[in-house]
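Engineer: Sending over query-v4.cif (mmCIF, C-alpha atoms).
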```
data_structure
loop_
_atom_site.group_PDB
_atom_site.id
_atom_site.type_symbol
_atom_site.label_atom_id
_atom_site.label_comp_id
_atom_site.auth_asym_id
_atom_site.auth_seq_id
_atom_site.Cartn_x
_atom_site.Cartn_y
_atom_site.Cartn_z
ATOM 1 C CA MET F 1 36.633 -51.528 1.644
ATOM 2 C CA LEU F 2 39.257 -53.978 0.335
ATOM 3 C CA HIS F 3 36.462 -56.364 -0.694
ATOM 4 C CA GLU F 4 34.819 -53.620 -2.772
ATOM 5 C CA ILE F 5 38.130 -52.635 -4.343
ATOM 6 C CA ARG F 6 38.746 -56.240 -5.389
ATOM 7 C CA GLN F 7 35.280 -56.231 -6.978
ATOM 8 C CA ILE F 8 36.167 -53.027 -8.841
ATOM 9 C CA SER F 9 39.420 -54.569 -10.026
ATOM 10 C CA ALA F 10 37.597 -57.701 -11.213
ATOM 11 C CA ALA F 11 34.949 -55.635 -12.996
ATOM 12 C CA VAL F 12 37.517 -53.523 -14.821
ATOM 13 C CA ASN F 13 39.632 -56.567 -15.679
ATOM 14 C CA GLU F 14 36.559 -58.425 -16.946
ATOM 15 C CA VAL F 15 35.724 -55.604 -19.322
ATOM 16 C CA TYR F 16 39.314 -55.203 -20.493
ATOM 17 C CA ILE F 17 40.687 -58.733 -20.242
ATOM 18 C CA MET F 18 43.211 -59.378 -23.015
ATOM 19 C CA ASN F 19 42.683 -55.811 -24.189
ATOM 20 C CA THR F 20 45.587 -53.751 -25.399
ATOM 21 C CA ASP F 21 43.882 -50.479 -24.468
ATOM 22 C CA ASN F 22 46.642 -48.508 -22.764
ATOM 23 C CA ARG F 23 44.461 -45.594 -21.704
ATOM 24 C CA PRO F 24 44.257 -44.915 -17.954
ATOM 25 C CA ILE F 25 41.414 -45.755 -15.607
ATOM 26 C CA GLY F 26 39.829 -42.624 -14.129
ATOM 27 C CA VAL F 27 39.175 -42.542 -10.383
ATOM 28 C CA LEU F 28 37.138 -39.731 -8.859
ATOM 29 C CA ASP F 29 36.042 -38.559 -5.446
ATOM 30 C CA SER F 30 34.633 -35.380 -3.996
ATOM 31 C CA GLY F 31 37.944 -34.822 -2.250
ATOM 32 C CA LEU F 32 40.873 -36.845 -0.981
ATOM 33 C CA GLY F 33 39.179 -39.960 0.430
ATOM 34 C CA GLY F 34 39.351 -41.820 -2.865
ATOM 35 C CA ILE F 35 43.136 -41.868 -2.647
ATOM 36 C CA SER F 36 42.851 -44.977 -0.447
ATOM 37 C CA VAL F 37 40.782 -46.643 -3.194
ATOM 38 C CA LEU F 38 43.349 -45.587 -5.805
ATOM 39 C CA ARG F 39 46.181 -46.976 -3.674
ATOM 40 C CA GLU F 40 44.516 -50.403 -3.547
ATOM 41 C CA LEU F 41 43.670 -50.364 -7.262
ATOM 42 C CA VAL F 42 47.322 -49.679 -8.079
ATOM 43 C CA LYS F 43 48.331 -52.701 -5.950
ATOM 44 C CA LEU F 44 45.706 -54.960 -7.543
ATOM 45 C CA MET F 45 46.227 -53.747 -11.114
ATOM 46 C CA PRO F 46 49.921 -52.904 -11.460
ATOM 47 C CA GLY F 47 49.787 -53.018 -15.263
ATOM 48 C CA GLU F 48 47.230 -50.199 -15.441
ATOM 49 C CA ASP F 49 47.705 -46.447 -15.444
ATOM 50 C CA PHE F 50 45.349 -44.268 -13.420
ATOM 51 C CA LEU F 51 44.090 -40.687 -13.376
ATOM 52 C CA TYR F 52 42.766 -39.338 -10.081
ATOM 53 C CA TYR F 53 40.417 -36.398 -9.734
ATOM 54 C CA GLY F 54 39.463 -35.097 -6.296
ATOM 55 C CA ASP F 55 36.916 -32.293 -6.569
ATOM 56 C CA SER F 56 38.020 -30.484 -3.419
ATOM 57 C CA ALA F 57 36.711 -27.177 -4.841
ATOM 58 C CA ASN F 58 33.150 -28.494 -4.501
ATOM 59 C CA ALA F 59 33.570 -30.848 -1.538
ATOM 60 C CA PRO F 60 31.775 -32.076 0.376
ATOM 61 C CA TYR F 61 29.192 -33.663 -1.908
ATOM 62 C CA GLY F 62 27.299 -35.050 1.088
ATOM 63 C CA THR F 63 25.888 -31.623 1.946
ATOM 64 C CA ARG F 64 24.582 -30.894 -1.556
ATOM 65 C CA THR F 65 21.261 -31.680 -3.217
ATOM 66 C CA PRO F 66 21.002 -34.859 -5.301
ATOM 67 C CA GLU F 67 20.748 -32.737 -8.453
ATOM 68 C CA GLU F 68 23.995 -30.943 -7.587
ATOM 69 C CA VAL F 69 25.747 -34.250 -6.878
ATOM 70 C CA ILE F 70 24.652 -35.666 -10.245
ATOM 71 C CA ASP F 71 25.762 -32.528 -12.086
ATOM 72 C CA LEU F 72 29.122 -32.327 -10.319
ATOM 73 C CA THR F 73 29.807 -36.032 -10.779
ATOM 74 C CA LYS F 74 29.041 -35.863 -14.504
ATOM 75 C CA LYS F 75 31.472 -32.941 -14.780
ATOM 76 C CA ASP F 76 34.093 -35.018 -12.927
ATOM 77 C CA VAL F 77 33.585 -37.929 -15.330
ATOM 78 C CA ASP F 78 33.800 -35.640 -18.354
ATOM 79 C CA PHE F 79 37.038 -34.167 -16.974
ATOM 80 C CA LEU F 80 38.559 -37.667 -16.767
ATOM 81 C CA LEU F 81 37.244 -38.721 -20.181
ATOM 82 C CA GLU F 82 38.696 -35.585 -21.795
ATOM 83 C CA ARG F 83 42.050 -36.780 -20.478
ATOM 84 C CA GLY F 84 41.640 -40.226 -22.022
ATOM 85 C CA ALA F 85 40.125 -42.437 -19.319
ATOM 86 C CA LYS F 86 38.897 -45.820 -20.596
ATOM 87 C CA ALA F 87 36.827 -46.610 -17.488
ATOM 88 C CA ILE F 88 35.571 -44.682 -14.466
ATOM 89 C CA VAL F 89 35.714 -45.679 -10.801
ATOM 90 C CA VAL F 90 33.483 -43.504 -8.619
ATOM 91 C CA ALA F 91 35.355 -43.713 -5.305
ATOM 92 C CA CYS F 92 32.803 -41.565 -3.475
ATOM 93 C CA ASN F 93 29.966 -43.131 -1.496
ATOM 94 C CA THR F 94 27.711 -40.121 -1.957
ATOM 95 C CA ALA F 95 28.296 -39.812 -5.704
ATOM 96 C CA THR F 96 27.754 -43.551 -6.143
ATOM 97 C CA SER F 97 24.570 -43.581 -4.079
ATOM 98 C CA VAL F 98 23.088 -40.571 -5.835
ATOM 99 C CA ALA F 99 24.459 -40.590 -9.383
ATOM 100 C CA ILE F 100 25.597 -44.086 -10.409
ATOM 101 C CA ARG F 101 22.398 -44.963 -12.286
ATOM 102 C CA GLU F 102 22.525 -41.769 -14.374
ATOM 103 C CA LEU F 103 26.248 -42.182 -15.008
ATOM 104 C CA ARG F 104 25.837 -45.731 -16.263
ATOM 105 C CA GLU F 105 22.897 -44.790 -18.461
ATOM 106 C CA GLU F 106 24.879 -41.991 -20.084
ATOM 107 C CA TYR F 107 28.408 -43.363 -20.330
ATOM 108 C CA GLU F 108 27.967 -47.090 -20.828
ATOM 109 C CA LYS F 109 26.192 -46.275 -24.119
ATOM 110 C CA LYS F 110 29.594 -44.863 -25.081
ATOM 111 C CA ASP F 111 31.349 -48.106 -24.000
ATOM 112 C CA ILE F 112 32.755 -46.496 -20.848
ATOM 113 C CA PRO F 113 32.378 -48.827 -17.836
ATOM 114 C CA VAL F 114 31.345 -46.985 -14.663
ATOM 115 C CA ILE F 115 32.072 -48.739 -11.377
ATOM 116 C CA GLY F 116 30.884 -47.353 -8.044
ATOM 117 C CA ILE F 117 31.920 -47.856 -4.457
ATOM 118 C CA GLU F 118 29.653 -47.455 -1.475
ATOM 119 C CA PRO F 119 29.505 -48.590 2.151
ATOM 120 C CA ALA F 120 30.506 -52.253 2.271
ATOM 121 C CA LEU F 121 27.357 -53.384 4.041
ATOM 122 C CA LYS F 122 27.184 -56.895 2.585
ATOM 123 C CA PRO F 123 30.767 -57.923 3.426
ATOM 124 C CA ALA F 124 30.471 -56.301 6.858
ATOM 125 C CA VAL F 125 27.342 -58.309 7.677
ATOM 126 C CA LEU F 126 28.756 -61.560 6.310
ATOM 127 C CA ALA F 127 32.080 -61.139 8.127
ATOM 128 C CA LYS F 128 30.708 -59.785 11.390
ATOM 129 C CA GLU F 129 31.941 -61.156 14.676
ATOM 130 C CA HIS F 130 29.179 -59.482 16.664
ATOM 131 C CA SER F 131 25.473 -58.911 16.174
ATOM 132 C CA LYS F 132 25.968 -55.217 15.370
ATOM 133 C CA VAL F 133 27.311 -53.592 12.211
ATOM 134 C CA VAL F 134 27.872 -49.841 12.186
ATOM 135 C CA VAL F 135 27.821 -48.068 8.837
ATOM 136 C CA MET F 136 29.448 -44.631 8.863
ATOM 137 C CA ALA F 137 28.606 -42.501 5.836
ATOM 138 C CA THR F 138 27.287 -39.077 4.952
ATOM 139 C CA PRO F 139 23.660 -38.400 5.814
ATOM 140 C CA MET F 140 22.875 -38.244 2.090
ATOM 141 C CA THR F 141 24.364 -41.694 1.417
ATOM 142 C CA LEU F 142 22.459 -43.202 4.346
ATOM 143 C CA SER F 143 19.179 -41.674 3.153
ATOM 144 C CA GLN F 144 19.363 -42.951 -0.429
ATOM 145 C CA THR F 145 17.040 -45.696 -1.697
ATOM 146 C CA LYS F 146 20.027 -47.672 -3.012
ATOM 147 C CA PHE F 147 21.615 -47.960 0.439
ATOM 148 C CA ASN F 148 18.340 -48.592 2.264
ATOM 149 C CA SER F 149 17.361 -51.352 -0.152
ATOM 150 C CA MET F 150 20.649 -53.092 0.655
ATOM 151 C CA LEU F 151 20.074 -52.500 4.374
ATOM 152 C CA HIS F 152 16.677 -54.226 4.191
ATOM 153 C CA VAL F 153 18.235 -57.266 2.500
ATOM 154 C CA TYR F 154 20.582 -57.797 5.448
ATOM 155 C CA GLU F 155 18.651 -56.376 8.405
ATOM 156 C CA ASP F 156 17.602 -59.847 9.626
ATOM 157 C CA GLU F 157 21.227 -60.985 9.756
ATOM 158 C CA ALA F 158 22.594 -58.171 11.921
ATOM 159 C CA ASN F 159 21.617 -55.121 13.913
ATOM 160 C CA ILE F 160 22.688 -52.508 11.370
ATOM 161 C CA ILE F 161 23.280 -49.082 12.852
ATOM 162 C CA LYS F 162 23.460 -46.080 10.530
ATOM 163 C CA MET F 163 25.918 -43.499 11.821
ATOM 164 C CA PRO F 164 25.999 -40.250 9.851
ATOM 165 C CA ARG F 165 29.414 -38.634 9.916
ATOM 166 C CA SER F 166 30.603 -35.211 9.016
ATOM 167 C CA GLU F 167 32.654 -34.545 5.912
ATOM 168 C CA GLU F 168 34.965 -32.327 7.972
ATOM 169 C CA ARG F 169 36.040 -35.204 10.210
ATOM 170 C CA ARG F 170 36.491 -37.445 7.160
ATOM 171 C CA ARG F 171 38.808 -34.881 5.591
ATOM 172 C CA GLU F 172 40.837 -34.671 8.808
ATOM 173 C CA ARG F 173 41.257 -38.486 8.917
ATOM 174 C CA VAL F 174 42.352 -38.609 5.272
ATOM 175 C CA LEU F 175 44.895 -35.839 5.782
ATOM 176 C CA GLU F 176 46.230 -37.594 8.882
ATOM 177 C CA SER F 177 46.537 -40.862 6.916
ATOM 178 C CA VAL F 178 48.751 -39.227 4.290
ATOM 179 C CA GLY F 179 50.969 -37.489 6.816
ATOM 180 C CA PHE F 180 49.312 -34.127 7.448
ATOM 181 C CA ALA F 181 48.389 -33.373 11.040
ATOM 182 C CA GLY F 182 46.934 -30.568 13.025
ATOM 183 C CA GLY F 183 44.507 -27.823 12.144
ATOM 184 C CA GLY F 184 44.834 -25.661 9.199
ATOM 185 C CA GLY F 185 43.412 -23.500 6.529
ATOM 186 C CA GLY F 186 39.898 -23.218 5.369
#
```
What does this structure look like when you write it as structure tokens?

Structural biologist:
Amino acid sequence: MLHEIRQISAAVNEVYIMNTDNRPIGVLDSGLGGISVLRELVKLMPGEDFLYYGDSANAPYGTRTPEEVIDLTKKDVDFLLERGAKAIVVACNTATSVAIRELREEYEKKDIPVIGIEPALKPAVLAKEHSKVVVMATPMTLSQTKFNSMLHVYEDEANIIKMPRSEERRRERVLESVGFAGGGGG
């Protein structure tokens, strides 16, 4: 993930190098998981301000139809743009896999860079110590053409195992990572 975050930082810096645009960078996720991406962006880009939007009211995106994911993600982007975002980081694997093409087509015409994050298959294969690479993501992310095209590029270099994971367990891990433990509400 750190490799992808550095790529995001480089992409945003490339677009805004020597720019005096003081507006924040918008970061979105379908819930809380993108906070880890935001944390790394803040470290890598200390001179930038950020807005974070976690759409926990509609999470998880991984259980929705592609059309719903596109619609929800566009609403998330619009929410951030209404609050002044100069660029958008989609810190959600599912939203990136399903909606990134549509987002770029719509918003880059308006000079809004849209950067996505998805399973770090390439760096995992290139950095592997063993012959197997396990990719944990939502079933929707693992079924998308975008991910499977990348998988086919690297399938001769490693035994790539797709491991669908539940959004519920992901939420539990994120909450544990920020200091919340145990069961809880619904």

Engineer: Pull out every residue that the PyMOL selection byres ((chain F and resi 126-138) around 9) matches in the shown coordinates and put them as number ranges by chain.

Structural biologist: F: 61-63, 93-94, 118-125, 139-143, 157-167

Engineer: For the file shown, what are the residues hit by the PyMOL selection byres ((chain F and resi 67-71) around 12), laid out as a ChimeraX atom specification?

Structural biologist: /F:29-30,55,58-66,72-78,90,92-104,106,140-141

Engineer: Could you state the separation of atom CA of Leu81 of chain F and atom CA of Lys109 of chain F in Å, given to one decimal place?

Structural biologist: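 Atom-to-atom, atom CA of Leu81 of chain F and atom CA of Lys109 of chain F are spaced 14.0 Å apart.
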
Engineer: With distances taken over all atoms listed in the file, which residue among F:Val114, F:Leu41, F:Leu151, F:Ile88 lies nearest Tyr53 of chain F?

Structural biologist: F:Ile88

Engineer: For the structure shown, which residues end up in the PyMOL selection byres ((chain F and resi 21-24) around 6)? Put them as an mmCIF file with C-alpha atoms, keeping the file's coordinate frame, please?

Structural biologist:
```
data_model
loop_
_atom_site.group_PDB
_atom_site.id
_atom_site.type_symbol
_atom_site.label_atom_id
_atom_site.label_comp_id
_atom_site.auth_asym_id
_atom_site.auth_seq_id
_atom_site.Cartn_x
_atom_site.Cartn_y
_atom_site.Cartn_z
ATOM 1 C CA ASN F 19 42.683 -55.811 -24.189
ATOM 2 C CA THR F 20 45.587 -53.751 -25.399
ATOM 3 C CA ILE F 25 41.414 -45.755 -15.607
ATOM 4 C CA ASP F 49 47.705 -46.447 -15.444
ATOM 5 C CA PHE F 50 45.349 -44.268 -13.420
ATOM 6 C CA ALA F 85 40.125 -42.437 -19.319
ATOM 7 C CA LYS F 86 38.897 -45.820 -20.596
#
```

Engineer: Between atom CA of Asp111 of chain F and atom CA of Ala57 of chain F, what distance in Å does the model show, to one decimal?

Structural biologist: 28.9 Å

Engineer: Using only C-alpha atoms, pick whichever of F:Met45, F:Gly84, F:Val27, F:Phe147 has the shortest atom-to-atom distance to Ile115 of chain F.

Structural biologist: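 Comparing F:Met45, F:Gly84, F:Val27, F:Phe147 against Ile115 of chain F, the winner is F:Val27.
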
Engineer: Give me, please, the distance in Å between atom CA of Leu44 of chain F and atom CA of Ser149 of chain F, quoted to one decimal.

Structural biologist: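 Spanning atom CA of Leu44 of chain F to atom CA of Ser149 of chain F is a straight-line distance of 29.5 Å.
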